Amino acid sequence: MSTNFDSSVAVVETPVEAYREDAGTTMARSVDRLGSYLGWAREGKGPFGDLIPNGARLLIKPNYVLDHNQSDGGMDPMITHQSVVKAVVNAALQSDAGEVVVGDAPIQTCDFAALLETTGLGAWSKDVVDKRFKGVKDFRRTTAQYVNGVRVAEENKIPEDDFVLFDLGSESLLEPITDEKDDFRVTCYDPRLMAKTHGKGRHRYLVARDVLEADVVINLPKLKTHKKAGITCALKNLIGINGNKEYLPHHRIGGADLGGDCYPGNSRVKRMLEYAADQQNLTDAGTKGRIWSGVATQLNRVLHLMGDNLGIEGSWSGNDTIWRTGLDLNRILIYGRVDGSMADTPQRRVVHVTDAVVAGQGDGPLSPQPLPLGLMFAGNNAACIDWFGSLLLGYDPQLLPIVREAFGDFRWPICTARPEEITLLGDWGSGKVDRVMRREMPPVAHPIGWRDAAASMAPAK
């Protein structure tokens with residue numbers, strides 16, 4: 001399992017037209033070449049033939065965050081493109097895998113049926129004749145919609161027995177910022193539920209059993225800018241292995257001057273808006289919910305008139321929470337056992353194949369604009385993948401906590417290499433990442449709260 005820590009990243013150029021091919025031959029060739037570059041391939045068994053043992057259970061984890069783009073950017077920069085999913089599934093079925101499952105937990109308001117219809121994956125998955133393929137699964141235990149400003153949830157859609165509860169306790173990366181005030185938050189969710197899962201010495205996650213029973217996981221992120229984490233790629237994509245939102249702290253209530261990380265400084269209007277949002281999330285009563293929704297709407301208008309574009313959801317580079325949640329889940333994926341305990345050695349092989357044919361820029365992850373890069377890249381280690389992805393997005397990786405801290409020295413490490421040891425392979429040539437990356441890349445629009453993490457903002461060395 002030591003190959004989980006190999007620092008090589010393979011890059012293949014893949015034209016945007018590959019998304020549109022009915023036969024998917026160009027995308028299939030890209031996946032084949034990635035497997036060959038990284039030593040995953042075996043003759044006669046496809047690009048993952050040496051990666052997937054005989055009879056192994058395989059989980060494929062795309063990024064299916066939402067069934068529509070909240071901007072006018074379309075679906076290409078929004079989710080892992082269906083051509084990528086199809087190519088990877090088809091490649092996996094060339095191996096001796098015993099079972100192949102595709103699964104993700106999008107945000108609660110995602111219409112999963114609409115997503116499968118829009119992408120064509122629903123009809124396609126039914127047409128796959130290989131009985132080893134078990135289809136595309138929705139890992140969410142709770143879904144929700146908003147009716148007149150009130151969140152209406154459908155709970156327990158999947159039995160809790162289909163998930164495994166982990167408690168990382170004091171070893172959680174969230175522990176150093178945890179106090180007794182129950183100040184962790186996730187947008188549009190009852191804070192009382194999160195207080196039950198995260199507190200001093202208690203940090204719980206609920207991970208889909210399909211993930212933990214897998215012998216091999218192929219993570220299929222979409223490369224995008226992200227309002228709360230700066231970037232979503234291999235590391236952040238692991239949020240989607242968790243079944244319930246109340247296990248996922250995204251920020252802490254209050255401005256930075258008050259000990260929170262929702263926004264910089266302090267703001268009376270934002271404190272009022274945070275209170276209104278909490279009241280709205282605390283109630284399931286229609287009339288009361290509509291009242292607080294109206295209050296929140298008016299306060300948001302005030303902020304807009306004041307010229308504020310950050311809001312109260314931790315959408316800035318001072319967010320010191322979301323990276324910790326994301327890295328905790330990466331540690332669970334590598335070391336977690338099916339009984340909810342953590343081993344000292346990796347429990348499954350995890351690799352990453354990134355869709356950056358059309359990446360996402362701007363206000364990702366829900367409102368991205370297309371950034372055509374014409375690339376697929378892959379590797380064995382999520383931290384190394386995200387370091388390279390950060391460079392592609394015009395960031396200084398050292399200014400992105402989720403990337404920088406993934407190289408950290410903590411129990412159940414994610415990466416054992418140093419960033420300068422990352423080696424690129426493939427269509428751009430071979431060599432250390434800093435040397436091979438000396439090429440001109442297109443300009444990238446970053447979320448307003450992360451513009452200070454752009455490479456051009458880094459201090460001169």
# chains A, B, ... in the order shown; residues from 1 in each chain; ligands from 1

$ select_by_dssp --residues "stretch 330-380 of chain A" --states "helix (DSSP H, G or I)" --output "list in words"
Asn330, Arg331, Ile332, Leu333, Ile334 and Tyr335 of chain A

$ residues_around --residues "A:Thr109" --least-positions-apart "5" --cutoff "9 Å" --atoms "only C-alpha atoms" --output "list in words"
Leu66, Asp67, Thr143, Ala144, Gln145 and Tyr146 of chain A

$ closest_residue --among "A:Gly259, A:Gly449, A:Pro53, A:Gly286" --to "A:Lys228" --atoms "only C-alpha atoms"
A:Gly449

$ select_by_dssp --residues "stretch 95-269 of chain A" --states "strand (DSSP E)" --output "MDAnalysis selection string"
chainID A and resid 99:104 133:138 143:147 150:154 163:167 184:185 198:199 202:208 216:220 222:226 230:232 251:252

$ residues_around --residues "A:Glu171" --least-positions-apart "6" --cutoff "10 Å" --atoms "only C-alpha atoms" --output "PyMOL selection string"
chain A and resi 201-203+328+410-412

$ closest_residue --among "A:Lys181, A:Lys131, A:Arg141, A:Lys236" --to "A:Pro401" --atoms "only C-alpha atoms"
A:Lys236

$ residues_around --residues "A:Ala114" --least-positions-apart "5" --cutoff "12 Å" --atoms "only C-alpha atoms" --output "compact mmCIF listing (two decimals) with N, CA, C and O atoms, in the first residue's frame"
# COMPACT_ATOMS: atom_id res chain seq x y z
N TYR A 64 -19.99 15.14 -8.04
CA TYR A 64 -21.36 15.36 -8.51
C TYR A 64 -22.07 16.39 -7.62
O TYR A 64 -23.19 16.17 -7.20
N LEU A 66 -23.77 19.14 -7.72
CA LEU A 66 -25.11 19.68 -7.94
C LEU A 66 -25.54 19.37 -9.37
O LEU A 66 -24.70 19.20 -10.25
N ASP A 67 -26.85 19.30 -9.59
CA ASP A 67 -27.37 18.91 -10.90
C ASP A 67 -27.45 20.07 -11.89
O ASP A 67 -27.81 19.86 -13.05
N HIS A 68 -27.10 21.29 -11.45
CA HIS A 68 -27.10 22.43 -12.36
C HIS A 68 -26.08 23.45 -11.89
O HIS A 68 -25.71 23.47 -10.71
N THR A 109 -29.48 19.65 -1.77
CA THR A 109 -30.51 20.10 -2.70
C THR A 109 -30.30 19.57 -4.12
O THR A 109 -31.11 19.87 -5.01
N THR A 119 -26.77 14.13 -17.56
CA THR A 119 -25.48 13.60 -18.01
C THR A 119 -25.62 12.37 -18.90
O THR A 119 -24.66 11.98 -19.57
N GLY A 120 -26.80 11.75 -18.87
CA GLY A 120 -26.99 10.51 -19.62
C GLY A 120 -26.46 9.29 -18.90
O GLY A 120 -26.54 8.16 -19.41
N LEU A 121 -25.95 9.49 -17.68
CA LEU A 121 -25.36 8.36 -16.96
C LEU A 121 -26.40 7.37 -16.46
O LEU A 121 -26.10 6.19 -16.28
N GLY A 122 -27.62 7.85 -16.25
CA GLY A 122 -28.67 6.94 -15.80
C GLY A 122 -28.97 5.88 -16.83
O GLY A 122 -28.92 4.67 -16.54
N ALA A 123 -29.25 6.32 -18.06
CA ALA A 123 -29.54 5.37 -19.13
C ALA A 123 -28.31 4.53 -19.47
O ALA A 123 -28.41 3.32 -19.69

$ closest_atom_pairs --of "stretch 176-236 of chain A" --to "stretch 353-369 of chain A" --cutoff "7 Å" --atoms "only C-alpha atoms" --output "Markdown table"
| residue | atom | partner | partner_atom | distance |
| --- | --- | --- | --- | --- |
| A:Asn219 | CA | A:Val353 | CA | 6.2 |
| A:Leu220 | CA | A:Val353 | CA | 5.1 |
| A:Pro221 | CA | A:Thr354 | CA | 5.1 |
| A:Lys222 | CA | A:Asp355 | CA | 4.9 |
| A:Leu223 | CA | A:Ala359 | CA | 5.2 |
| A:Lys224 | CA | A:Gly360 | CA | 4.1 |
| A:Thr225 | CA | A:Gln361 | CA | 5.2 |
| A:His226 | CA | A:Gly364 | CA | 4.5 |
| A:Lys227 | CA | A:Gly364 | CA | 5.9 |

$ atom_distance --atom1 "atom CA of A:Pro370" --atom2 "atom CA of A:Gly230"
16.3 Å

$ closest_residue --among "A:Arg29, A:Arg204, A:Arg348, A:His198" --to "A:Ser83" --atoms "only C-alpha atoms"
A:Arg29

$ closest_atom_pairs --of "stretch 129-218 of chain A" --to "stretch 315-323 of chain A" --cutoff "10 Å" --atoms "only C-alpha atoms" --output "Markdown table"
| residue | atom | partner | partner_atom | distance |
| --- | --- | --- | --- | --- |
| A:Leu173 | CA | A:Trp323 | CA | 8.9 |
| A:Leu174 | CA | A:Thr321 | CA | 7.0 |
| A:Ile177 | CA | A:Thr321 | CA | 8.0 |
| A:Thr178 | CA | A:Thr321 | CA | 9.8 |
| A:Phe184 | CA | A:Thr321 | CA | 8.3 |
| A:Arg185 | CA | A:Thr321 | CA | 9.5 |
| A:Val186 | CA | A:Ile322 | CA | 9.6 |

$ write_last_selection --atoms "all heavy atoms" --output "PDB file, in the first residue's frame"
ATOM      1  N   LEU A 173      -7.866  16.889  13.019  1.00  0.00           N
ATOM      2  CA  LEU A 173      -7.221  18.165  12.728  1.00  0.00           C
ATOM      3  C   LEU A 173      -8.094  19.351  13.142  1.00  0.00           C
ATOM      4  O   LEU A 173      -7.623  20.497  13.175  1.00  0.00           O
ATOM      5  CB  LEU A 173      -6.879  18.247  11.241  1.00  0.00           C
ATOM      6  CG  LEU A 173      -5.868  17.194  10.761  1.00  0.00           C
ATOM      7  CD1 LEU A 173      -5.663  17.289   9.259  1.00  0.00           C
ATOM      8  CD2 LEU A 173      -4.542  17.324  11.498  1.00  0.00           C
ATOM      9  N   LEU A 174      -9.354  19.087  13.473  1.00  0.00           N
ATOM     10  CA  LEU A 174     -10.246  20.134  13.971  1.00  0.00           C
ATOM     11  C   LEU A 174     -10.033  20.421  15.460  1.00  0.00           C
ATOM     12  O   LEU A 174     -10.437  21.483  15.952  1.00  0.00           O
ATOM     13  CB  LEU A 174     -11.709  19.731  13.759  1.00  0.00           C
ATOM     14  CG  LEU A 174     -12.226  19.779  12.323  1.00  0.00           C
ATOM     15  CD1 LEU A 174     -13.514  18.978  12.199  1.00  0.00           C
ATOM     16  CD2 LEU A 174     -12.460  21.211  11.865  1.00  0.00           C
ATOM     17  N   ILE A 177      -8.782  23.856  17.013  1.00  0.00           N
ATOM     18  CA  ILE A 177      -9.629  25.054  16.927  1.00  0.00           C
ATOM     19  C   ILE A 177     -10.999  24.815  17.574  1.00  0.00           C
ATOM     20  O   ILE A 177     -11.928  25.591  17.363  1.00  0.00           O
ATOM     21  CB  ILE A 177      -9.807  25.517  15.467  1.00  0.00           C
ATOM     22  CG1 ILE A 177     -10.485  24.432  14.616  1.00  0.00           C
ATOM     23  CG2 ILE A 177      -8.466  25.914  14.858  1.00  0.00           C
ATOM     24  CD1 ILE A 177     -10.902  24.919  13.236  1.00  0.00           C
ATOM     25  N   THR A 178     -11.115  23.754  18.349  1.00  0.00           N
ATOM     26  CA  THR A 178     -12.397  23.404  18.973  1.00  0.00           C
ATOM     27  C   THR A 178     -12.457  23.944  20.395  1.00  0.00           C
ATOM     28  O   THR A 178     -11.499  23.815  21.163  1.00  0.00           O
ATOM     29  CB  THR A 178     -12.584  21.878  19.004  1.00  0.00           C
ATOM     30  OG1 THR A 178     -12.435  21.358  17.687  1.00  0.00           O
ATOM     31  CG2 THR A 178     -13.967  21.507  19.531  1.00  0.00           C
ATOM     32  N   PHE A 184     -19.007  25.587  15.317  1.00  0.00           N
ATOM     33  CA  PHE A 184     -18.876  25.072  13.957  1.00  0.00           C
ATOM     34  C   PHE A 184     -20.198  25.224  13.216  1.00  0.00           C
ATOM     35  O   PHE A 184     -21.279  25.038  13.781  1.00  0.00           O
ATOM     36  CB  PHE A 184     -18.471  23.598  13.960  1.00  0.00           C
ATOM     37  CG  PHE A 184     -17.040  23.350  14.355  1.00  0.00           C
ATOM     38  CD1 PHE A 184     -16.727  22.520  15.419  1.00  0.00           C
ATOM     39  CD2 PHE A 184     -16.011  23.953  13.659  1.00  0.00           C
ATOM     40  CE1 PHE A 184     -15.423  22.290  15.780  1.00  0.00           C
ATOM     41  CE2 PHE A 184     -14.682  23.732  14.012  1.00  0.00           C
ATOM     42  CZ  PHE A 184     -14.388  22.895  15.082  1.00  0.00           C
ATOM     43  N   ARG A 185     -20.095  25.549  11.933  1.00  0.00           N
ATOM     44  CA  ARG A 185     -21.278  25.726  11.113  1.00  0.00           C
ATOM     45  C   ARG A 185     -21.077  25.111   9.727  1.00  0.00           C
ATOM     46  O   ARG A 185     -19.944  24.978   9.249  1.00  0.00           O
ATOM     47  CB  ARG A 185     -21.608  27.222  10.924  1.00  0.00           C
ATOM     48  CG  ARG A 185     -22.018  27.959  12.183  1.00  0.00           C
ATOM     49  CD  ARG A 185     -23.375  27.498  12.689  1.00  0.00           C
ATOM     50  NE  ARG A 185     -23.854  28.310  13.796  1.00  0.00           N
ATOM     51  CZ  ARG A 185     -23.539  28.081  15.086  1.00  0.00           C
ATOM     52  NH1 ARG A 185     -22.732  27.079  15.404  1.00  0.00           N
ATOM     53  NH2 ARG A 185     -24.028  28.858  16.024  1.00  0.00           N
ATOM     54  N   VAL A 186     -22.187  24.751   9.103  1.00  0.00           N
ATOM     55  CA  VAL A 186     -22.233  24.436   7.687  1.00  0.00           C
ATOM     56  C   VAL A 186     -23.478  25.116   7.155  1.00  0.00           C
ATOM     57  O   VAL A 186     -24.514  25.163   7.827  1.00  0.00           O
ATOM     58  CB  VAL A 186     -22.233  22.908   7.432  1.00  0.00           C
ATOM     59  CG1 VAL A 186     -23.426  22.235   8.056  1.00  0.00           C
ATOM     60  CG2 VAL A 186     -22.163  22.600   5.934  1.00  0.00           C
TER      61      VAL A 186
END

$ closest_residue --among "A:Val350, A:Met441, A:Ala208, A:Ile448" --to "A:Asp308" --atoms "only C-alpha atoms"
A:Ile448

$ residues_around --residues "A:Glu213" --least-positions-apart "4" --cutoff "9 Å" --atoms "only C-alpha atoms" --output "number ranges by chain"
A: 57-59, 208-209, 337-338, 348

$ residues_around --residues "A:Gly294" --least-positions-apart "2" --cutoff "12 Å" --atoms "only C-alpha atoms" --output "list in words"
Asn148, Gly149, Val150, Leu273, Ala276, Ala277, Gln279, Gln280, Thr287, Lys288, Gly289, Arg290, Ile291, Trp292, Ala296, Thr297, Gln298, Leu299, Asn300 and Arg301 of chain A

$ write_last_selection --atoms "C-alpha atoms" --output "tab-separated table (two decimals), in the first residue's frame"
chain	number	residue	atom	x	y	z
A	148	ASN	CA	-40.78	29.68	0.79
A	149	GLY	CA	-37.39	30.01	2.45
A	150	VAL	CA	-37.90	27.03	4.75
A	273	LEU	CA	-27.18	37.97	9.60
A	276	ALA	CA	-30.93	35.27	11.51
A	277	ALA	CA	-29.44	32.35	9.57
A	279	GLN	CA	-32.78	31.03	13.67
A	280	GLN	CA	-33.88	30.05	10.17
A	287	THR	CA	-44.29	30.81	9.31
A	288	LYS	CA	-41.30	31.31	11.61
A	289	GLY	CA	-38.92	30.07	8.94
A	290	ARG	CA	-40.34	32.46	6.37
A	291	ILE	CA	-39.96	35.38	8.78
A	292	TRP	CA	-36.30	34.65	9.46
A	296	ALA	CA	-31.82	37.29	6.21
A	297	THR	CA	-32.76	38.46	2.72
A	298	GLN	CA	-32.95	42.08	3.83
A	299	LEU	CA	-29.64	41.88	5.69
A	300	ASN	CA	-28.00	40.37	2.61
A	301	ARG	CA	-29.30	43.32	0.61

$ closest_residue --among "A:Asp434, A:Asp76, A:Asp190, A:Asp6" --to "A:Arg20" --atoms "only C-alpha atoms"
A:Asp76
